[in-house]
>>> print(open('data.cif').read())   # mmCIF, C-alpha atoms
data_protein
loop_
_atom_site.label_atom_id
_atom_site.label_comp_id
_atom_site.auth_asym_id
_atom_site.auth_seq_id
_atom_site.Cartn_x
_atom_site.Cartn_y
_atom_site.Cartn_z
CA MET P 15 -176.21 103.57 60.21
CA ARG P 16 -172.50 102.79 60.12
CA PHE P 17 -170.21 105.61 61.30
CA VAL P 18 -173.12 107.21 63.18
CA ASP P 19 -174.58 104.54 65.44
CA GLU P 20 -171.16 103.74 66.95
CA PHE P 21 -171.02 107.30 68.23
CA ARG P 22 -174.47 107.20 69.86
CA ASP P 23 -173.88 104.10 72.00
CA ALA P 24 -175.46 104.81 75.41
CA GLU P 25 -173.29 102.30 77.28
CA LEU P 26 -170.06 103.80 75.93
CA GLY P 27 -171.48 107.24 76.73
CA ARG P 28 -171.87 106.22 80.36
CA VAL P 29 -168.29 104.86 80.38
CA LEU P 30 -166.97 108.19 79.08
CA ALA P 31 -169.13 110.17 81.53
CA GLY P 32 -167.62 108.06 84.32
CA GLU P 33 -164.12 108.78 83.06
CA ILE P 34 -164.89 112.50 83.01
CA LEU P 35 -166.10 112.28 86.61
CA ALA P 36 -162.94 110.41 87.59
CA ALA P 37 -160.76 113.03 85.88
CA LEU P 38 -162.12 115.97 87.92
CA GLN P 39 -159.78 117.64 90.35
CA PRO P 40 -161.52 118.50 93.63
CA GLY P 41 -162.61 122.13 93.90
CA ARG P 42 -161.72 122.91 90.30
CA HIS P 43 -164.27 124.42 87.90
CA TYR P 44 -163.73 123.74 84.20
CA LYS P 45 -165.16 126.23 81.72
CA VAL P 46 -165.04 124.94 78.17
CA MET P 47 -166.33 126.73 75.06
CA GLU P 48 -167.80 124.76 72.19
CA VAL P 49 -167.02 127.04 69.27
CA CYS P 50 -169.36 125.59 66.67
CA GLY P 51 -173.14 125.96 66.53
CA GLY P 52 -173.37 122.36 65.37
CA HIS P 53 -171.83 121.31 68.67
CA THR P 54 -174.30 123.47 70.62
CA HIS P 55 -177.14 121.77 68.77
CA SER P 56 -175.75 118.29 69.54
CA ILE P 57 -175.11 119.14 73.20
CA TYR P 58 -178.75 120.04 73.79
CA LYS P 59 -180.23 117.47 71.42
CA TYR P 60 -178.42 114.57 73.11
CA GLY P 61 -178.46 115.98 76.64
CA ILE P 62 -174.66 116.06 76.88
CA ASP P 63 -174.77 118.89 79.43
CA GLY P 64 -176.93 116.66 81.65
CA LEU P 65 -174.28 113.92 81.57
CA LEU P 66 -171.53 116.27 82.72
CA PRO P 67 -170.80 117.08 86.37
CA GLU P 68 -171.67 120.60 87.56
CA SER P 69 -168.01 121.54 87.71
CA VAL P 70 -167.72 121.14 83.92
CA GLU P 71 -169.46 124.12 82.34
CA LEU P 72 -170.02 124.30 78.60
CA VAL P 73 -170.09 127.82 77.17
CA HIS P 74 -171.57 128.41 73.72
CA GLY P 75 -169.37 130.16 71.19
CA PRO P 76 -169.87 132.34 68.10
CA GLY P 77 -169.84 129.54 65.52
CA CYS P 78 -173.40 129.72 64.23
CA PRO P 79 -173.20 131.33 60.77
CA VAL P 80 -176.75 132.65 60.72
CA CYS P 81 -176.47 134.09 64.24
CA VAL P 82 -173.57 136.38 63.47
CA ILE P 83 -175.07 138.13 60.42
CA PRO P 84 -175.77 141.75 61.42
CA MET P 85 -179.07 143.44 60.66
CA GLY P 86 -177.50 145.83 58.17
CA ARG P 87 -176.41 142.93 55.94
CA VAL P 88 -179.97 141.53 56.01
CA ASP P 89 -181.25 144.96 54.98
CA ASP P 90 -178.73 144.97 52.10
CA GLY P 91 -180.04 141.57 50.99
CA ILE P 92 -183.65 142.74 51.14
CA ALA P 93 -182.79 145.86 49.10
CA ILE P 94 -181.33 143.67 46.34
CA ALA P 95 -184.21 141.19 46.53
CA ARG P 96 -186.71 144.02 45.92
CA LYS P 97 -185.03 145.17 42.72
CA GLU P 98 -186.90 144.64 39.47
CA GLY P 99 -185.96 141.40 37.70
CA VAL P 100 -183.97 139.89 40.57
CA ILE P 101 -184.32 136.32 41.79
CA PHE P 102 -182.82 136.34 45.27
CA THR P 103 -181.65 133.00 46.68
CA CYS P 104 -180.47 132.01 50.14
CA PHE P 105 -180.39 129.13 52.62
CA GLY P 106 -183.65 128.46 54.46
CA ASP P 107 -182.43 129.72 57.86
CA MET P 108 -181.56 133.08 56.37
CA LEU P 109 -185.15 133.76 55.32
CA ARG P 110 -186.24 134.39 58.91
CA VAL P 111 -183.28 136.42 60.17
CA PRO P 112 -184.57 139.84 61.23
CA GLY P 113 -183.29 142.95 59.52
CA SER P 114 -184.04 146.40 60.91
CA GLU P 115 -187.69 146.19 59.85
CA HIS P 116 -188.25 143.04 57.85
CA THR P 117 -186.98 139.57 57.07
CA LEU P 118 -186.36 138.14 53.62
CA LEU P 119 -189.51 136.09 54.15
CA ASP P 120 -191.45 139.36 54.64
CA ALA P 121 -189.91 140.67 51.43
CA LYS P 122 -191.06 137.50 49.65
CA ALA P 123 -194.58 137.94 51.06
CA GLN P 124 -194.52 141.52 49.78
CA GLY P 125 -193.75 140.36 46.24
CA ALA P 126 -189.98 139.97 45.96
CA ASP P 127 -188.84 136.79 44.21
CA VAL P 128 -186.95 135.21 47.11
CA ARG P 129 -186.20 131.49 46.83
CA MET P 130 -184.73 129.02 49.29
CA VAL P 131 -181.86 126.86 48.03
CA TYR P 132 -179.78 124.09 49.61
CA SER P 133 -176.61 125.07 47.79
CA PRO P 134 -175.17 127.93 45.73
CA LEU P 135 -175.07 125.35 42.93
CA ASP P 136 -178.90 125.40 43.02
CA ALA P 137 -178.77 129.18 42.55
CA LEU P 138 -176.48 128.66 39.55
CA ARG P 139 -179.02 126.27 38.05
CA ILE P 140 -181.73 128.90 38.50
CA ALA P 141 -179.49 131.43 36.73
CA ARG P 142 -179.00 129.07 33.76
CA SER P 143 -182.76 128.55 33.49
CA ASN P 144 -183.55 132.27 33.74
CA PRO P 145 -181.11 134.06 31.43
CA ASP P 146 -183.30 137.19 31.37
CA ARG P 147 -183.26 137.57 35.19
CA GLU P 148 -180.49 138.56 37.62
CA VAL P 149 -179.95 135.70 40.07
CA VAL P 150 -178.26 136.61 43.36
CA PHE P 151 -177.05 134.18 46.03
CA PHE P 152 -176.75 135.45 49.62
CA ALA P 153 -173.73 133.49 50.82
CA ILE P 154 -173.26 132.87 54.54
CA GLY P 155 -171.18 130.47 56.57
CA PHE P 156 -167.75 129.75 57.94
CA GLU P 157 -164.92 128.00 56.11
CA THR P 158 -167.02 124.84 55.83
CA THR P 159 -169.51 126.44 53.45
CA ALA P 160 -167.20 128.89 51.70
CA PRO P 161 -165.75 126.21 49.35
CA SER P 162 -169.19 125.54 47.88
CA THR P 163 -169.62 129.24 47.10
CA ALA P 164 -166.11 129.40 45.65
CA LEU P 165 -166.71 126.35 43.47
CA THR P 166 -169.99 127.82 42.25
CA LEU P 167 -168.29 131.10 41.31
CA GLN P 168 -165.60 129.20 39.41
CA ARG P 169 -168.30 127.37 37.46
CA ALA P 170 -170.17 130.63 36.75
CA ARG P 171 -166.92 132.08 35.42
CA ALA P 172 -166.17 128.97 33.32
CA GLU P 173 -169.65 129.16 31.78
CA SER P 174 -169.40 132.96 31.29
CA LEU P 175 -172.72 133.28 33.10
CA ARG P 176 -173.49 137.01 33.23
CA ASN P 177 -176.72 136.98 35.23
CA PHE P 178 -175.34 135.40 38.43
CA SER P 179 -173.77 137.15 41.40
CA VAL P 180 -173.08 136.60 45.09
CA VAL P 181 -173.49 138.72 48.23
CA CYS P 182 -170.57 137.36 50.18
CA ASN P 183 -171.03 137.16 53.96
CA HIS P 184 -168.61 134.33 54.58
CA VAL P 185 -166.80 134.67 57.88
CA THR P 186 -163.69 133.08 59.35
CA ILE P 187 -163.52 131.55 62.80
CA VAL P 188 -160.06 132.47 64.09
CA PRO P 189 -160.45 136.29 64.50
CA PRO P 190 -163.58 136.10 66.72
CA LEU P 191 -161.88 133.45 68.85
CA ARG P 192 -158.93 135.74 69.33
CA ALA P 193 -161.33 138.58 70.19
CA LEU P 194 -163.02 136.39 72.79
CA LEU P 195 -159.71 135.38 74.29
CA GLU P 196 -158.79 139.06 74.59
CA SER P 197 -162.12 139.86 76.24
CA PRO P 198 -161.97 140.61 79.96
CA ASP P 199 -165.60 139.40 80.34
CA LEU P 200 -164.77 135.80 79.81
CA ARG P 201 -162.48 133.29 81.45
CA LEU P 202 -162.26 130.07 79.49
CA ASP P 203 -160.20 126.99 80.28
CA GLY P 204 -160.34 125.27 76.91
CA PHE P 205 -162.04 124.94 73.55
CA ILE P 206 -163.95 122.23 71.73
CA GLY P 207 -162.70 123.02 68.23
CA PRO P 208 -165.03 123.27 65.22
CA GLY P 209 -164.74 119.90 63.50
CA HIS P 210 -166.34 120.79 60.20
CA VAL P 211 -164.42 124.05 59.76
CA CYS P 212 -161.26 122.03 60.42
CA THR P 213 -162.04 119.61 57.58
CA VAL P 214 -161.28 122.59 55.35
CA VAL P 215 -158.68 124.66 57.25
CA GLY P 216 -157.07 121.83 59.21
CA ALA P 217 -155.68 122.06 62.75
CA ARG P 218 -152.85 124.53 62.13
CA PRO P 219 -154.88 127.81 62.43
CA PHE P 220 -155.77 126.92 66.04
CA HIS P 221 -152.22 126.64 67.34
CA PHE P 222 -152.27 130.28 68.44
CA ILE P 223 -154.65 129.34 71.25
CA PRO P 224 -152.20 127.15 73.19
CA ALA P 225 -149.20 129.17 71.99
CA ASP P 226 -150.47 132.68 72.85
CA TYR P 227 -153.16 132.03 75.46
CA ARG P 228 -152.13 128.74 77.11
CA ARG P 229 -155.50 127.08 76.49
CA PRO P 230 -156.06 123.55 75.13
CA VAL P 231 -158.10 122.90 71.99
CA VAL P 232 -159.63 119.57 71.00
CA ILE P 233 -161.09 119.40 67.48
CA SER P 234 -164.28 117.42 67.87
CA GLY P 235 -166.87 115.48 65.93
CA PHE P 236 -170.57 116.07 66.41
CA GLU P 237 -171.98 112.85 67.81
CA PRO P 238 -172.53 112.37 71.56
CA LEU P 239 -169.47 110.16 72.06
CA ASP P 240 -167.33 112.60 70.08
CA LEU P 241 -168.27 115.42 72.43
CA LEU P 242 -167.81 113.40 75.61
CA GLN P 243 -164.43 112.14 74.39
CA SER P 244 -163.39 115.72 73.56
CA VAL P 245 -164.37 117.02 77.00
CA LEU P 246 -162.35 114.21 78.56
CA MET P 247 -159.32 115.06 76.38
CA ILE P 248 -159.53 118.72 77.45
CA LEU P 249 -159.76 117.80 81.15
CA ARG P 250 -156.75 115.52 80.78
CA GLN P 251 -154.72 118.31 79.16
CA LEU P 252 -155.68 120.73 81.93
CA ASN P 253 -154.96 118.24 84.69
CA GLU P 254 -151.58 117.38 83.19
CA GLY P 255 -150.70 121.05 82.61
CA ARG P 256 -150.59 120.54 78.84
CA CYS P 257 -151.85 123.03 76.23
CA GLU P 258 -152.06 121.52 72.76
CA VAL P 259 -154.27 121.25 69.73
CA GLU P 260 -155.52 117.68 69.72
CA ASN P 261 -157.72 116.09 67.08
CA GLN P 262 -160.54 113.87 68.31
CA TYR P 263 -162.22 113.91 64.87
CA THR P 264 -159.43 112.13 63.01
CA ARG P 265 -161.85 110.15 60.87
CA VAL P 266 -162.75 113.36 59.03
CA VAL P 267 -160.19 116.07 59.85
CA PRO P 268 -156.70 115.79 58.33
CA TYR P 269 -154.08 117.95 60.04
CA GLU P 270 -153.50 120.08 56.95
CA GLY P 271 -157.23 120.38 56.03
CA ASN P 272 -158.53 120.17 52.48
CA LEU P 273 -155.80 121.74 50.35
CA ARG P 274 -157.86 121.69 47.17
CA ALA P 275 -160.70 123.57 48.90
CA LEU P 276 -158.23 126.10 50.31
CA GLU P 277 -156.78 126.66 46.82
CA VAL P 278 -160.21 127.31 45.33
CA MET P 279 -161.06 129.71 48.17
CA ALA P 280 -157.76 131.54 47.77
CA GLU P 281 -158.49 132.12 44.08
CA VAL P 282 -162.04 133.37 44.57
CA PHE P 283 -161.95 135.23 47.90
CA GLU P 284 -159.83 137.75 49.74
CA LEU P 285 -160.00 138.90 53.36
CA ARG P 286 -162.12 141.95 54.16
CA PRO P 287 -160.22 144.51 56.24
CA HIS P 288 -163.03 144.31 58.79
CA PHE P 289 -166.55 142.96 59.11
CA GLU P 290 -169.38 143.54 61.54
CA TRP P 291 -170.53 140.53 63.58
CA ARG P 292 -173.92 140.68 65.23
CA GLY P 293 -173.34 141.25 68.92
CA LEU P 294 -169.57 141.22 68.59
CA GLY P 295 -169.06 144.43 66.61
CA PHE P 296 -166.37 144.95 63.96
CA ILE P 297 -163.58 142.39 63.88
CA SER P 298 -160.52 142.88 61.65
CA GLY P 299 -159.82 140.33 58.93
CA SER P 300 -162.79 138.21 59.98
CA ALA P 301 -164.69 137.82 56.71
CA LEU P 302 -164.26 137.16 53.02
CA ARG P 303 -165.21 139.10 49.92
CA LEU P 304 -164.82 138.29 46.25
CA SER P 305 -161.33 138.91 44.91
CA ASP P 306 -160.78 141.43 42.14
CA ALA P 307 -160.61 138.57 39.63
CA TYR P 308 -164.25 137.79 40.46
CA ALA P 309 -165.43 141.39 40.96
CA ASP P 310 -167.93 141.12 38.10
CA LEU P 311 -169.75 138.39 40.04
CA ASP P 312 -169.89 140.44 43.24
CA ALA P 313 -173.48 141.53 43.92
CA GLU P 314 -172.28 144.29 46.23
CA ARG P 315 -170.49 145.89 43.28
CA ARG P 316 -173.27 145.13 40.81
CA PHE P 317 -176.17 146.53 42.87
CA GLU P 318 -176.51 149.59 45.03
CA VAL P 319 -177.13 148.61 48.65
CA PRO P 320 -177.86 150.76 51.73
CA GLY P 321 -174.76 149.51 53.57
CA VAL P 322 -176.03 151.05 56.78
CA ARG P 323 -175.01 149.78 60.20
CA VAL P 324 -178.07 148.97 62.31
CA ALA P 325 -177.93 148.54 66.08
CA ASP P 326 -179.36 145.34 67.53
CA PRO P 327 -182.72 145.62 69.30
CA LYS P 328 -182.23 146.69 72.92
CA ALA P 329 -184.22 143.77 74.30
CA CYS P 330 -182.08 141.19 72.48
CA GLN P 331 -178.99 139.84 74.22
CA CYS P 332 -177.70 137.70 71.35
CA GLY P 333 -174.33 139.44 71.63
CA GLU P 334 -173.82 138.25 75.18
CA VAL P 335 -175.04 134.77 74.25
CA LEU P 336 -172.64 134.64 71.29
CA LYS P 337 -169.76 135.69 73.53
CA GLY P 338 -170.73 133.09 76.11
CA VAL P 339 -171.24 135.77 78.76
CA ILE P 340 -174.81 134.68 79.48
CA LYS P 341 -176.73 131.45 78.89
CA PRO P 342 -179.72 131.52 76.53
CA TRP P 343 -182.25 131.29 79.36
CA GLN P 344 -180.69 134.32 81.05
CA CYS P 345 -181.74 136.61 78.16
CA LYS P 346 -184.63 138.89 79.13
CA VAL P 347 -186.80 137.91 76.17
CA PHE P 348 -185.91 134.20 75.89
CA GLY P 349 -188.98 132.02 75.46
CA THR P 350 -191.39 134.92 75.94
CA ALA P 351 -191.09 137.68 73.35
CA CYS P 352 -188.42 135.68 71.50
CA THR P 353 -189.27 132.15 70.35
CA PRO P 354 -188.34 130.17 67.20
CA GLU P 355 -191.73 131.14 65.69
CA HIS P 356 -191.25 134.85 66.44
CA ALA P 357 -187.53 135.39 66.80
CA ILE P 358 -186.15 138.75 67.86
CA GLY P 359 -182.55 137.60 67.89
CA THR P 360 -180.64 135.48 65.39
CA CYS P 361 -179.67 132.91 68.03
CA MET P 362 -183.32 131.88 68.12
CA VAL P 363 -183.61 131.52 64.32
CA SER P 364 -181.11 128.87 63.30
CA PRO P 365 -181.20 125.33 64.75
CA GLU P 366 -177.48 125.90 65.41
CA GLY P 367 -178.19 129.01 67.47
CA ALA P 368 -177.73 128.49 71.20
CA CYS P 369 -181.16 129.93 72.03
CA ALA P 370 -183.05 127.80 69.50
CA ALA P 371 -181.13 124.66 70.48
CA TYR P 372 -181.82 125.29 74.14
CA TYR P 373 -185.46 126.22 73.48
CA ASN P 374 -186.07 123.10 71.39
CA PHE P 375 -184.28 120.55 73.58
CA GLY P 376 -182.68 121.82 76.77
CA ARG P 377 -185.46 123.79 78.45
CA PHE P 378 -187.51 120.70 79.24
CA ALA P 379 -184.75 119.16 81.33
CA ARG P 380 -184.18 122.46 83.09
CA GLU P 381 -187.90 123.05 83.77
CA LYS P 382 -188.13 119.54 85.20
CA GLU P 383 -185.12 120.25 87.40
CA ALA P 384 -186.69 123.50 88.66
CA VAL P 385 -189.94 121.72 89.63
CA MET T 13 -173.51 110.53 53.11
CA ARG T 14 -172.23 107.67 51.02
CA VAL T 15 -171.32 107.86 47.33
CA ARG T 16 -173.62 105.59 45.31
CA TRP T 17 -172.87 106.62 41.74
CA LEU T 18 -170.31 108.79 40.04
CA ASP T 19 -170.24 110.78 36.83
CA GLY T 20 -167.05 112.82 36.65
CA ASP T 21 -167.15 115.50 39.35
CA LEU T 22 -170.78 114.81 40.16
CA ALA T 23 -171.91 112.08 42.55
CA LEU T 24 -175.24 110.76 43.67
CA CYS T 25 -174.94 110.35 47.43
CA GLU T 26 -177.28 108.69 49.91
CA ASP T 27 -177.90 110.23 53.33
CA ALA T 28 -178.68 108.47 56.62
CA ALA T 29 -182.40 108.47 55.85
CA GLY T 30 -181.87 106.86 52.44
CA ALA T 31 -182.57 110.01 50.43
CA THR T 32 -180.28 110.73 47.49
CA HIS T 33 -178.62 114.04 46.62
CA GLU T 34 -176.47 115.36 43.78
CA VAL T 35 -173.09 116.29 45.22
CA ALA T 36 -170.03 117.95 43.67
CA VAL T 37 -166.99 115.87 44.60
CA GLU T 38 -164.08 117.61 42.86
CA LEU T 39 -162.69 119.01 46.12
CA ILE T 40 -162.05 115.51 47.45
CA ALA T 41 -161.19 113.68 44.23
CA PRO T 42 -160.51 110.85 43.62
CA VAL T 43 -163.68 109.34 45.06
CA ARG T 44 -165.08 105.85 44.58
CA ALA T 45 -168.62 104.48 44.85
CA GLY T 46 -169.13 103.37 48.45
CA ASP T 47 -166.95 106.08 50.01
CA PRO T 48 -168.49 107.85 53.02
CA VAL T 49 -168.17 111.62 52.56
CA LEU T 50 -168.91 114.80 54.49
CA VAL T 51 -171.11 117.15 52.48
CA HIS T 52 -171.87 120.84 53.02
CA ALA T 53 -174.25 122.69 50.73
CA CYS T 54 -174.13 119.88 48.14
CA VAL T 55 -170.31 119.98 47.95
CA ALA T 56 -168.23 117.20 49.50
CA VAL T 57 -165.47 118.69 51.67
CA ALA T 58 -164.02 115.55 53.28
CA ARG T 59 -163.85 111.80 52.90
CA LEU T 60 -164.28 109.74 56.07
CA GLU T 61 -161.22 107.68 57.04
CA VAL T 62 -162.86 104.40 57.97
CA GLU T 63 -159.81 103.03 59.80
CA ARG T 64 -159.93 105.98 62.23
CA VAL T 65 -163.52 105.45 63.40
CA ASP T 66 -162.74 103.40 66.52
CA GLU T 67 -159.96 105.76 67.56
CA ASP T 68 -162.24 108.82 67.59
CA ALA T 69 -164.64 107.89 70.35
CA GLY T 70 -162.00 106.14 72.39
CA LEU T 71 -163.62 102.91 71.22
CA ASP T 72 -160.19 101.33 71.19
CA ALA T 73 -159.39 102.58 74.71
CA PRO T 74 -159.26 100.04 77.57
CA ALA T 75 -162.14 101.72 79.44
CA ALA T 76 -164.44 101.36 76.46
CA ARG T 77 -163.69 97.68 76.03
CA ARG T 78 -164.71 96.83 79.60
#
>>> encode(input="data.cif", output="structure tokens")
Amino acid sequence: MRFVDEFRDAELGRVLAGEILAALQPGRHYKVMEVCGGHTHSIYKYGIDGLLPESVELVHGPGCPVCVIPMGRVDDGIAIARKEGVIFTCFGDMLRVPGSEHTLLDAKAQGADVRMVYSPLDALRIARSNPDREVVFFAIGFETTAPSTALTLQRARAESLRNFSVVCNHVTIVPPLRALLESPDLRLDGFIGPGHVCTVVGARPFHFIPADYRRPVVISGFEPLDLLQSVLMILRQLNEGRCEVENQYTRVVPYEGNLRALEVMAEVFELRPHFEWRGLGFISGSALRLSDAYADLDAERRFEVPGVRVADPKACQCGEVLKGVIKPWQCKVFGTACTPEHAIGTCMVSPEGACAAYYNFGRFAREKEAV
Amino acid sequence: MRVRWLDGDLALCEDAAGATHEVAVELIAPVRAGDPVLVHACVAVARLEVERVDEDAGLDAPAARR
């Protein structure tokens, strides 16, 4: 398919891998974080890590939207889903994310009307068709997905739909990156920037990384050649002593982002003072809630929820995986007690989670290497 | 996905596997049939700039042309 096949060309991939090898400085170790879960998925799916020399280490970042939802928020969702007359809707991944005792899928099995949707617009359709039921959408995602929730809320408002509301768990990518850069646990040399988030927010929000922390950022696409080209661009910046935000994904990401989407988001959402991230704890200004103008469509104000903070299971090391401190296979329960079929941690639930991506694609190459 | 048919702010878009999906396109208007678009949760958030494709993977770089 045009615009995809060009970026999966094996011969060009080998050329880029050769250029990366040629760009290495002897004795130097390069530690690069891919921020986005979509990148993590592509890296393992296409074996990008296997094409890179050992001195280029890819570290997985916190950019998987399902992975960062804390257990307490899942419990809040389940509490709403169990209320009489509620149709609870969410993306498919979210159904299997563990709360303190149950998942939304468990709640469905126990009788709650929980339905999987592909879009908040699907939830709106369900609300139109069921005027006597309360339809709730459990919104998750970074700035890429937030515009679809915002657009849906605008439509609900325009139609004066009274039986629709949203549990807003949308998060923003910059605050956790700043938290990671402040963390003494982690030394990073550069960042592969989240291409899809940048289609909405543009490149500007990432300038603090070179300005305040002297680290390069390359906004990247998601195909194998995109990722190899981005790694090469980061190595070149480091070798030349440059620290800039560069855009590898120019075919999709305009520098200023999508201004219309940002306008819609600004009308519908406002920043939460703080929000809990699974494994990362509370981070200031890192999530969105509905603005006062949309308060009547806010499920958290419409329904009573437990709102209790729940500690992650002791065995699960998703927090360290999300911070890039350990690799998925270094977690104590990886591939044994925790598998995609029976996930303990969120990183094993979503295909964008580092553990699931590694379990589904990467482990075979590693097992072969070990033999 | 690629826009196949348009009706105001709603488009019918075709994915890589040939399946069609209803997509809201008001955030990237104006859109024309044939445009390649990036879609998240049935909402188009970006239009692909065709003239930039070669640039992205270094396809126009000397090493790639060898």
>>> closest_residue(input="data.cif", among="T:Ala58, T:Ala53, T:Leu24, T:Met13", to="Leu39 (chain T)", atoms="only C-alpha atoms")
T:Ala58
>>> resolve_selection(input="data.cif", expression="the PyMOL selection byres ((chain T and resi 17) around 12)", output="PDB file with C-alpha atoms, in the frame of the given file")
ATOM      1  CA  ARG T  14    -172.230 107.670  51.020  1.00  0.00           C
ATOM      2  CA  VAL T  15    -171.320 107.860  47.330  1.00  0.00           C
ATOM      3  CA  ARG T  16    -173.620 105.590  45.310  1.00  0.00           C
ATOM      4  CA  LEU T  18    -170.310 108.790  40.040  1.00  0.00           C
ATOM      5  CA  ASP T  19    -170.240 110.780  36.830  1.00  0.00           C
ATOM      6  CA  GLY T  20    -167.050 112.820  36.650  1.00  0.00           C
ATOM      7  CA  ASP T  21    -167.150 115.500  39.350  1.00  0.00           C
ATOM      8  CA  LEU T  22    -170.780 114.810  40.160  1.00  0.00           C
ATOM      9  CA  ALA T  23    -171.910 112.080  42.550  1.00  0.00           C
ATOM     10  CA  LEU T  24    -175.240 110.760  43.670  1.00  0.00           C
ATOM     11  CA  CYS T  25    -174.940 110.350  47.430  1.00  0.00           C
ATOM     12  CA  GLU T  26    -177.280 108.690  49.910  1.00  0.00           C
ATOM     13  CA  THR T  32    -180.280 110.730  47.490  1.00  0.00           C
ATOM     14  CA  HIS T  33    -178.620 114.040  46.620  1.00  0.00           C
ATOM     15  CA  GLU T  34    -176.470 115.360  43.780  1.00  0.00           C
ATOM     16  CA  VAL T  35    -173.090 116.290  45.220  1.00  0.00           C
ATOM     17  CA  ALA T  36    -170.030 117.950  43.670  1.00  0.00           C
ATOM     18  CA  VAL T  37    -166.990 115.870  44.600  1.00  0.00           C
ATOM     19  CA  VAL T  43    -163.680 109.340  45.060  1.00  0.00           C
ATOM     20  CA  ARG T  44    -165.080 105.850  44.580  1.00  0.00           C
ATOM     21  CA  ALA T  45    -168.620 104.480  44.850  1.00  0.00           C
ATOM     22  CA  GLY T  46    -169.130 103.370  48.450  1.00  0.00           C
ATOM     23  CA  ASP T  47    -166.950 106.080  50.010  1.00  0.00           C
TER      24      ASP T  47
END
>>> residues_around(input="data.cif", residues="Leu50 (chain T)", least_positions_apart="4", cutoff="8 Å", atoms="all atoms listed in the file", output="ChimeraX atom specification")
/P:266 /T:13,56-60
>>> atom_distance(input="data.cif", atom1="CA of Lys328 (chain P)", atom2="CA of Ala357 (chain P)")
13.9 Å
>>> resolve_selection(input="data.cif", expression="the PyMOL selection byres ((chain T) within 6 of (chain P))", output="list of chain:residue names")
T:Leu39, T:Ala53, T:Cys54, T:Val55, T:Leu60, T:Glu61, T:Arg64, T:Val65, T:Asp68, T:Ala69
>>> write_last_selection(input="data.cif", atoms="C-alpha atoms", output="PDB file, in the coordinates of the input")
ATOM      1  CA  LEU T  39    -162.690 119.010  46.120  1.00  0.00           C
ATOM      2  CA  ALA T  53    -174.250 122.690  50.730  1.00  0.00           C
ATOM      3  CA  CYS T  54    -174.130 119.880  48.140  1.00  0.00           C
ATOM      4  CA  VAL T  55    -170.310 119.980  47.950  1.00  0.00           C
ATOM      5  CA  LEU T  60    -164.280 109.740  56.070  1.00  0.00           C
ATOM      6  CA  GLU T  61    -161.220 107.680  57.040  1.00  0.00           C
ATOM      7  CA  ARG T  64    -159.930 105.980  62.230  1.00  0.00           C
ATOM      8  CA  VAL T  65    -163.520 105.450  63.400  1.00  0.00           C
ATOM      9  CA  ASP T  68    -162.240 108.820  67.590  1.00  0.00           C
ATOM     10  CA  ALA T  69    -164.640 107.890  70.350  1.00  0.00           C
TER      11      ALA T  69
END
>>> resolve_selection(input="data.cif", expression="the PyMOL selection byres ((chain P and resi 103) around 6)", output="ChimeraX atom specification")
/P:102,104,128-130,150-151
>>> write_last_selection(input="data.cif", atoms="C-alpha atoms", output="compact mmCIF listing (two decimals), keeping the file's coordinate frame")
# COMPACT_ATOMS: atom_id res chain seq x y z
CA PHE P 102 -182.82 136.34 45.27
CA CYS P 104 -180.47 132.01 50.14
CA VAL P 128 -186.95 135.21 47.11
CA ARG P 129 -186.20 131.49 46.83
CA MET P 130 -184.73 129.02 49.29
CA VAL P 150 -178.26 136.61 43.36
CA PHE P 151 -177.05 134.18 46.03
>>> residues_around(input="data.cif", residues="Glu48 (chain P)", least_positions_apart="4", cutoff="10 Å", atoms="all atoms listed in the file", output="PyMOL selection string")
chain P and resi 52-54+57+72-77+204-208+231-234+241+245+338
>>> closest_atom_pairs(input="data.cif", of="region 208-284 of chain P", to="region 42-45 of chain P", cutoff="10 Å", atoms="all atoms listed in the file", output="CSV")
residue,atom,partner,partner_atom,distance
P:Val245,CA,P:Tyr44,CA,9.9
P:Ile248,CA,P:Tyr44,CA,9.4
P:Leu249,CA,P:Tyr44,CA,7.8
P:Leu252,CA,P:Tyr44,CA,8.9
P:Asn253,CA,P:Arg42,CA,9.9
>>> build_atoms(input="data.cif", residues="region 121-127 of chain P", atoms="N, CA and C atoms", output="CSV table (one decimal), in the frame of the given file")
chain,number,residue,atom,x,y,z
P,121,ALA,N,-190.1,140.1,52.8
P,121,ALA,CA,-189.9,140.7,51.4
P,121,ALA,C,-190.6,139.8,50.4
P,122,LYS,N,-190.4,138.5,50.6
P,122,LYS,CA,-191.1,137.5,49.6
P,122,LYS,C,-192.6,137.7,49.7
P,123,ALA,N,-193.1,137.8,50.9
P,123,ALA,CA,-194.6,137.9,51.1
P,123,ALA,C,-195.1,139.2,50.4
P,124,GLN,N,-194.2,140.2,50.4
P,124,GLN,CA,-194.5,141.5,49.8
P,124,GLN,C,-194.3,141.6,48.3
P,125,GLY,N,-193.9,140.4,47.7
P,125,GLY,CA,-193.8,140.4,46.2
P,125,GLY,C,-192.4,140.1,45.7
P,126,ALA,N,-191.3,140.2,46.5
P,126,ALA,CA,-190.0,140.0,46.0
P,126,ALA,C,-189.8,138.5,45.6
P,127,ASP,N,-189.0,138.2,44.6
P,127,ASP,CA,-188.8,136.8,44.2
P,127,ASP,C,-187.7,136.2,45.0
